[in-house]
Amino acid sequence: MINTQANGLQQALLRSQNPKLYYLSFEPLMLKKSEFKNLKAGMLLELGKKLPQLYVYRKGVVIGQVNIGQIDGKEVVVVSAKERITNLGKPEPKHLALECRIAILPKRSFVVGKLVTLSGNTLEHVLLFTKEELVATAALVQCEEGYFLQIRGLN
């Protein structure tokens, strides 16, 4: 059963820039500036044959890694490592880095080996940010060619 109010709160928290929150995100995507200007609803952004690594961010810094899966039809993550990566590098010339926020990880759940159930339809509401500004919402889709983010709406 989907809880609309809880999903709305989750989306509001994902949009915030609160430095105390633990954001669950894909590794940053590099997108050409020309492709960025041409973004529109329905467009697919290729992620590759394998699902990109998922990281936990706090204050714009990677502080851990997680693995995602499903149990009983619910999306879950397991904290696989705590590590601090301060230098994420800069995008190549003529490219923008897109941050793909998926969910908020509760602070008490940020323990290596801990299994955390994500709220319903988490991968249907991925928020895309560039330079801490929300630019689009997307959904994770999978087909024979690999994984993609399908743009649902632009901001």
# chains A, B, ... in the order shown; residues from 1 in each chain; ligands from 1

$ select_by_dssp --residues "chain A" --states "strand (DSSP E)" --output "compact mmCIF listing (two decimals) with N, CA, C and O atoms, in the first residue's frame"
# COMPACT_ATOMS: atom_id res chain seq x y z
N TYR A 22 21.40 12.19 5.23
CA TYR A 22 22.21 11.20 4.52
C TYR A 22 21.47 10.85 3.23
O TYR A 22 20.45 10.17 3.27
N TYR A 23 21.98 11.31 2.09
CA TYR A 23 21.33 11.09 0.80
C TYR A 23 21.87 9.83 0.15
O TYR A 23 23.09 9.63 0.05
N LEU A 24 20.98 9.00 -0.35
CA LEU A 24 21.34 7.82 -1.10
C LEU A 24 21.29 8.21 -2.57
O LEU A 24 20.23 8.62 -3.06
N SER A 25 22.44 8.10 -3.27
CA SER A 25 22.52 8.57 -4.65
C SER A 25 23.37 7.64 -5.51
O SER A 25 24.27 6.98 -5.00
N PHE A 26 23.07 7.64 -6.82
CA PHE A 26 23.95 6.97 -7.76
C PHE A 26 25.24 7.77 -7.88
O PHE A 26 25.28 8.96 -7.55
N GLU A 27 26.29 7.13 -8.40
CA GLU A 27 27.50 7.89 -8.68
C GLU A 27 27.13 8.97 -9.69
O GLU A 27 26.22 8.79 -10.50
N PRO A 28 27.78 10.14 -9.64
CA PRO A 28 27.39 11.25 -10.52
C PRO A 28 27.47 10.86 -11.99
O PRO A 28 28.39 10.17 -12.42
N LEU A 29 26.47 11.31 -12.76
CA LEU A 29 26.44 11.07 -14.20
C LEU A 29 27.05 12.27 -14.90
O LEU A 29 26.78 13.41 -14.53
N MET A 30 27.86 12.03 -15.91
CA MET A 30 28.41 13.11 -16.72
C MET A 30 27.56 13.26 -17.97
O MET A 30 27.36 12.31 -18.72
N LEU A 31 27.01 14.45 -18.16
CA LEU A 31 26.13 14.72 -19.28
C LEU A 31 26.66 15.92 -20.05
O LEU A 31 27.03 16.93 -19.44
N LYS A 32 26.71 15.78 -21.38
CA LYS A 32 27.16 16.90 -22.20
C LYS A 32 26.21 18.07 -22.02
O LYS A 32 25.00 17.89 -21.88
N LEU A 44 15.59 9.25 -22.39
CA LEU A 44 16.30 8.23 -21.62
C LEU A 44 17.77 8.61 -21.47
O LEU A 44 18.42 8.99 -22.44
N LEU A 45 18.28 8.52 -20.24
CA LEU A 45 19.70 8.72 -19.97
C LEU A 45 20.29 7.35 -19.66
O LEU A 45 19.87 6.68 -18.71
N GLU A 46 21.26 6.94 -20.46
CA GLU A 46 21.84 5.60 -20.30
C GLU A 46 22.75 5.53 -19.08
O GLU A 46 23.60 6.39 -18.87
N LEU A 47 22.56 4.47 -18.28
CA LEU A 47 23.40 4.23 -17.11
C LEU A 47 24.41 3.12 -17.37
O LEU A 47 25.43 3.05 -16.69
N GLY A 48 24.12 2.24 -18.31
CA GLY A 48 25.03 1.15 -18.63
C GLY A 48 24.39 -0.21 -18.44
O GLY A 48 23.22 -0.34 -18.05
N LEU A 54 25.97 2.76 -5.79
CA LEU A 54 25.18 3.66 -4.95
C LEU A 54 26.04 4.13 -3.79
O LEU A 54 26.72 3.33 -3.15
N TYR A 55 25.98 5.42 -3.52
CA TYR A 55 26.77 6.02 -2.45
C TYR A 55 25.85 6.73 -1.46
O TYR A 55 24.73 7.10 -1.78
N VAL A 56 26.37 6.95 -0.27
CA VAL A 56 25.70 7.77 0.73
C VAL A 56 26.48 9.08 0.83
O VAL A 56 27.70 9.06 1.02
N TYR A 57 25.77 10.19 0.64
CA TYR A 57 26.37 11.53 0.68
C TYR A 57 25.88 12.26 1.93
O TYR A 57 24.73 12.14 2.32
N ARG A 58 26.77 13.04 2.49
CA ARG A 58 26.41 13.96 3.57
C ARG A 58 27.28 15.19 3.40
O ARG A 58 28.50 15.07 3.26
N VAL A 61 29.72 15.19 0.46
CA VAL A 61 30.88 14.30 0.50
C VAL A 61 30.38 12.86 0.61
O VAL A 61 29.44 12.58 1.35
N VAL A 62 31.02 11.95 -0.12
CA VAL A 62 30.67 10.53 -0.01
C VAL A 62 31.16 10.01 1.34
O VAL A 62 32.33 10.18 1.68
N ILE A 63 30.26 9.37 2.08
CA ILE A 63 30.66 8.82 3.38
C ILE A 63 30.43 7.31 3.46
O ILE A 63 30.76 6.69 4.46
N GLY A 64 29.88 6.72 2.39
CA GLY A 64 29.67 5.27 2.41
C GLY A 64 29.12 4.74 1.11
O GLY A 64 28.79 5.49 0.20
N GLN A 65 29.05 3.40 1.05
CA GLN A 65 28.51 2.71 -0.13
C GLN A 65 27.39 1.79 0.32
O GLN A 65 27.41 1.27 1.43
N VAL A 66 26.43 1.57 -0.59
CA VAL A 66 25.34 0.63 -0.32
C VAL A 66 25.10 -0.22 -1.56
O VAL A 66 25.46 0.16 -2.67
N ASN A 67 24.51 -1.39 -1.34
CA ASN A 67 24.07 -2.26 -2.42
C ASN A 67 22.55 -2.31 -2.35
O ASN A 67 21.97 -2.38 -1.27
N ILE A 68 21.92 -2.30 -3.52
CA ILE A 68 20.45 -2.30 -3.57
C ILE A 68 19.95 -3.64 -4.07
O ILE A 68 20.63 -4.33 -4.83
N GLY A 69 18.76 -4.00 -3.61
CA GLY A 69 18.12 -5.24 -4.03
C GLY A 69 16.65 -5.21 -3.69
O GLY A 69 16.11 -4.17 -3.32
N GLN A 70 16.00 -6.38 -3.79
CA GLN A 70 14.59 -6.48 -3.46
C GLN A 70 14.36 -7.68 -2.57
O GLN A 70 14.94 -8.74 -2.77
N ILE A 71 13.49 -7.50 -1.59
CA ILE A 71 13.04 -8.58 -0.72
C ILE A 71 11.53 -8.45 -0.62
O ILE A 71 11.01 -7.39 -0.26
N LYS A 74 9.89 -5.41 -2.10
CA LYS A 74 10.26 -4.09 -1.58
C LYS A 74 11.73 -3.83 -1.85
O LYS A 74 12.56 -4.73 -1.76
N GLU A 75 12.03 -2.57 -2.18
CA GLU A 75 13.42 -2.19 -2.42
C GLU A 75 14.14 -2.04 -1.10
O GLU A 75 13.64 -1.40 -0.17
N VAL A 76 15.32 -2.65 -1.01
CA VAL A 76 16.13 -2.59 0.21
C VAL A 76 17.57 -2.27 -0.16
O VAL A 76 18.00 -2.50 -1.29
N VAL A 77 18.29 -1.70 0.79
CA VAL A 77 19.73 -1.47 0.63
C VAL A 77 20.45 -2.05 1.84
O VAL A 77 19.88 -2.13 2.92
N VAL A 78 21.69 -2.44 1.59
CA VAL A 78 22.57 -2.91 2.66
C VAL A 78 23.79 -2.01 2.64
O VAL A 78 24.42 -1.83 1.59
N VAL A 79 24.12 -1.43 3.79
CA VAL A 79 25.32 -0.60 3.87
C VAL A 79 26.52 -1.52 3.76
O VAL A 79 26.71 -2.41 4.58
N SER A 80 27.32 -1.35 2.70
CA SER A 80 28.45 -2.25 2.46
C SER A 80 29.77 -1.69 2.95
O SER A 80 30.69 -2.45 3.22
N ALA A 81 29.88 -0.36 3.06
CA ALA A 81 31.15 0.22 3.53
C ALA A 81 30.92 1.64 4.00
O ALA A 81 30.07 2.35 3.50
N LYS A 82 31.72 2.03 4.99
CA LYS A 82 31.81 3.42 5.42
C LYS A 82 33.16 3.91 4.95
O LYS A 82 34.18 3.34 5.31
N GLU A 83 33.15 4.91 4.14
CA GLU A 83 34.40 5.49 3.65
C GLU A 83 34.14 6.95 3.32
O GLU A 83 33.03 7.34 2.99
N ARG A 84 35.16 7.73 3.42
CA ARG A 84 35.03 9.16 3.16
C ARG A 84 35.82 9.48 1.89
O ARG A 84 37.02 9.25 1.82
N ILE A 85 35.11 10.01 0.89
CA ILE A 85 35.73 10.44 -0.35
C ILE A 85 35.43 11.92 -0.49
O ILE A 85 34.29 12.31 -0.72
N HIS A 95 30.87 19.31 -20.04
CA HIS A 95 30.00 18.33 -19.38
C HIS A 95 29.51 18.90 -18.05
O HIS A 95 30.14 19.76 -17.46
N LEU A 96 28.37 18.38 -17.60
CA LEU A 96 27.83 18.70 -16.29
C LEU A 96 27.71 17.41 -15.48
O LEU A 96 27.43 16.36 -16.04
N ALA A 97 27.90 17.51 -14.19
CA ALA A 97 27.72 16.35 -13.31
C ALA A 97 26.29 16.39 -12.78
O ALA A 97 25.83 17.40 -12.24
N LEU A 98 25.57 15.28 -12.95
CA LEU A 98 24.21 15.16 -12.44
C LEU A 98 24.23 14.28 -11.21
O LEU A 98 24.71 13.15 -11.25
N GLU A 99 23.71 14.79 -10.11
CA GLU A 99 23.56 14.01 -8.89
C GLU A 99 22.17 13.39 -8.93
O GLU A 99 21.18 14.09 -9.15
N CYS A 100 22.08 12.09 -8.73
CA CYS A 100 20.80 11.36 -8.80
C CYS A 100 20.40 10.91 -7.40
O CYS A 100 20.81 9.85 -6.94
N ARG A 101 19.60 11.71 -6.72
CA ARG A 101 19.17 11.38 -5.36
C ARG A 101 17.99 10.40 -5.39
O ARG A 101 17.00 10.64 -6.08
N ILE A 102 18.14 9.34 -4.61
CA ILE A 102 17.13 8.29 -4.60
C ILE A 102 16.30 8.32 -3.32
O ILE A 102 15.09 8.22 -3.36
N ALA A 103 16.98 8.41 -2.19
CA ALA A 103 16.27 8.32 -0.91
C ALA A 103 17.10 8.96 0.19
O ALA A 103 18.27 9.29 0.01
N ILE A 104 16.46 9.08 1.35
CA ILE A 104 17.13 9.53 2.56
C ILE A 104 17.40 8.29 3.40
O ILE A 104 16.50 7.48 3.62
N LEU A 105 18.63 8.14 3.85
CA LEU A 105 18.99 7.02 4.73
C LEU A 105 19.00 7.54 6.16
O LEU A 105 19.72 8.50 6.45
N LEU A 115 20.52 -3.84 6.97
CA LEU A 115 19.54 -3.90 5.90
C LEU A 115 18.48 -2.83 6.15
O LEU A 115 17.92 -2.76 7.24
N VAL A 116 18.23 -1.98 5.15
CA VAL A 116 17.27 -0.88 5.29
C VAL A 116 16.24 -0.98 4.17
O VAL A 116 16.60 -1.03 3.00
N THR A 117 14.96 -1.00 4.55
CA THR A 117 13.88 -1.02 3.56
C THR A 117 13.59 0.41 3.13
O THR A 117 13.42 1.29 3.97
N VAL A 126 13.35 9.48 -8.82
CA VAL A 126 14.74 9.88 -8.66
C VAL A 126 14.84 11.37 -9.02
O VAL A 126 14.31 11.80 -10.04
N LEU A 127 15.49 12.13 -8.14
CA LEU A 127 15.64 13.57 -8.38
C LEU A 127 17.02 13.84 -8.95
O LEU A 127 18.02 13.37 -8.42
N LEU A 128 17.09 14.61 -10.03
CA LEU A 128 18.35 14.94 -10.68
C LEU A 128 18.73 16.38 -10.36
O LEU A 128 17.96 17.30 -10.61
N PHE A 129 19.94 16.54 -9.81
CA PHE A 129 20.44 17.85 -9.42
C PHE A 129 21.72 18.14 -10.18
O PHE A 129 22.50 17.24 -10.48
N THR A 130 21.96 19.40 -10.46
CA THR A 130 23.25 19.86 -10.94
C THR A 130 23.55 21.15 -10.19
O THR A 130 22.70 22.03 -10.08
N GLU A 133 21.01 22.29 -7.64
CA GLU A 133 19.74 22.82 -8.14
C GLU A 133 18.97 21.67 -8.79
O GLU A 133 19.49 20.96 -9.65
N LEU A 134 17.72 21.48 -8.38
CA LEU A 134 16.87 20.44 -8.95
C LEU A 134 16.55 20.78 -10.40
O LEU A 134 16.05 21.87 -10.68
N VAL A 135 16.85 19.85 -11.31
CA VAL A 135 16.60 20.10 -12.73
C VAL A 135 15.54 19.17 -13.32
O VAL A 135 14.89 19.53 -14.29
N ALA A 136 15.38 17.97 -12.75
CA ALA A 136 14.41 17.03 -13.32
C ALA A 136 14.10 15.90 -12.35
O ALA A 136 14.83 15.68 -11.39
N THR A 137 13.00 15.22 -12.64
CA THR A 137 12.67 13.98 -11.94
C THR A 137 12.73 12.86 -12.97
O THR A 137 12.45 13.08 -14.15
N ALA A 138 13.09 11.67 -12.50
CA ALA A 138 13.25 10.54 -13.42
C ALA A 138 12.86 9.25 -12.73
O ALA A 138 12.70 9.20 -11.51
N ALA A 139 12.73 8.20 -13.53
CA ALA A 139 12.45 6.86 -13.01
C ALA A 139 13.51 5.91 -13.56
O ALA A 139 13.94 6.04 -14.71
N LEU A 140 13.92 4.98 -12.74
CA LEU A 140 14.88 3.96 -13.17
C LEU A 140 14.13 2.90 -13.96
O LEU A 140 13.11 2.38 -13.49
N VAL A 141 14.58 2.62 -15.18
CA VAL A 141 13.98 1.57 -16.01
C VAL A 141 15.07 0.62 -16.47
O VAL A 141 16.23 1.00 -16.62
N GLN A 142 14.67 -0.63 -16.69
CA GLN A 142 15.61 -1.66 -17.13
C GLN A 142 15.03 -2.36 -18.35
O GLN A 142 13.83 -2.64 -18.40
N CYS A 143 15.89 -2.62 -19.32
CA CYS A 143 15.49 -3.40 -20.49
C CYS A 143 16.69 -4.24 -20.91
O CYS A 143 17.70 -4.29 -20.22
N GLY A 146 20.15 -2.53 -20.96
CA GLY A 146 20.75 -2.10 -19.72
C GLY A 146 19.81 -1.25 -18.88
O GLY A 146 18.59 -1.36 -18.98
N TYR A 147 20.41 -0.38 -18.06
CA TYR A 147 19.66 0.49 -17.16
C TYR A 147 19.63 1.91 -17.71
O TYR A 147 20.62 2.39 -18.27
N PHE A 148 18.49 2.57 -17.49
CA PHE A 148 18.29 3.93 -17.97
C PHE A 148 17.53 4.73 -16.92
O PHE A 148 16.80 4.17 -16.11
N LEU A 149 17.71 6.05 -16.97
CA LEU A 149 16.86 6.96 -16.20
C LEU A 149 15.94 7.62 -17.23
O LEU A 149 16.41 8.25 -18.18
N GLN A 150 14.63 7.45 -17.06
CA GLN A 150 13.67 8.06 -17.95
C GLN A 150 13.17 9.35 -17.31
O GLN A 150 12.64 9.34 -16.21
N ILE A 151 13.37 10.46 -18.01
CA ILE A 151 12.97 11.77 -17.51
C ILE A 151 11.44 11.83 -17.43
O ILE A 151 10.76 11.56 -18.41
N ARG A 152 10.92 12.17 -16.26
CA ARG A 152 9.48 12.26 -16.06
C ARG A 152 9.01 13.71 -16.13
O ARG A 152 7.92 13.99 -16.59
N GLY A 153 9.83 14.62 -15.64
CA GLY A 153 9.45 16.02 -15.65
C GLY A 153 10.65 16.91 -15.43
O GLY A 153 11.65 16.49 -14.85
N LEU A 154 10.57 18.12 -15.93
CA LEU A 154 11.66 19.11 -15.77
C LEU A 154 11.20 20.19 -14.81
O LEU A 154 10.03 20.51 -14.72

$ closest_residue --among "A:Asp72, A:Lys59, A:Lys107, A:Gly113" --to "A:Pro19" --atoms "only C-alpha atoms"
A:Lys59

$ atom_distance --atom1 "atom CA of A:Glu145" --atom2 "atom CA of A:His125"
21.5 Å

$ atom_distance --atom1 "atom CA of A:Leu118" --atom2 "atom CA of A:Leu13"
14.1 Å

$ atom_distance --atom1 "atom CA of A:Arg108" --atom2 "atom CA of A:Lys20"
12.5 Å
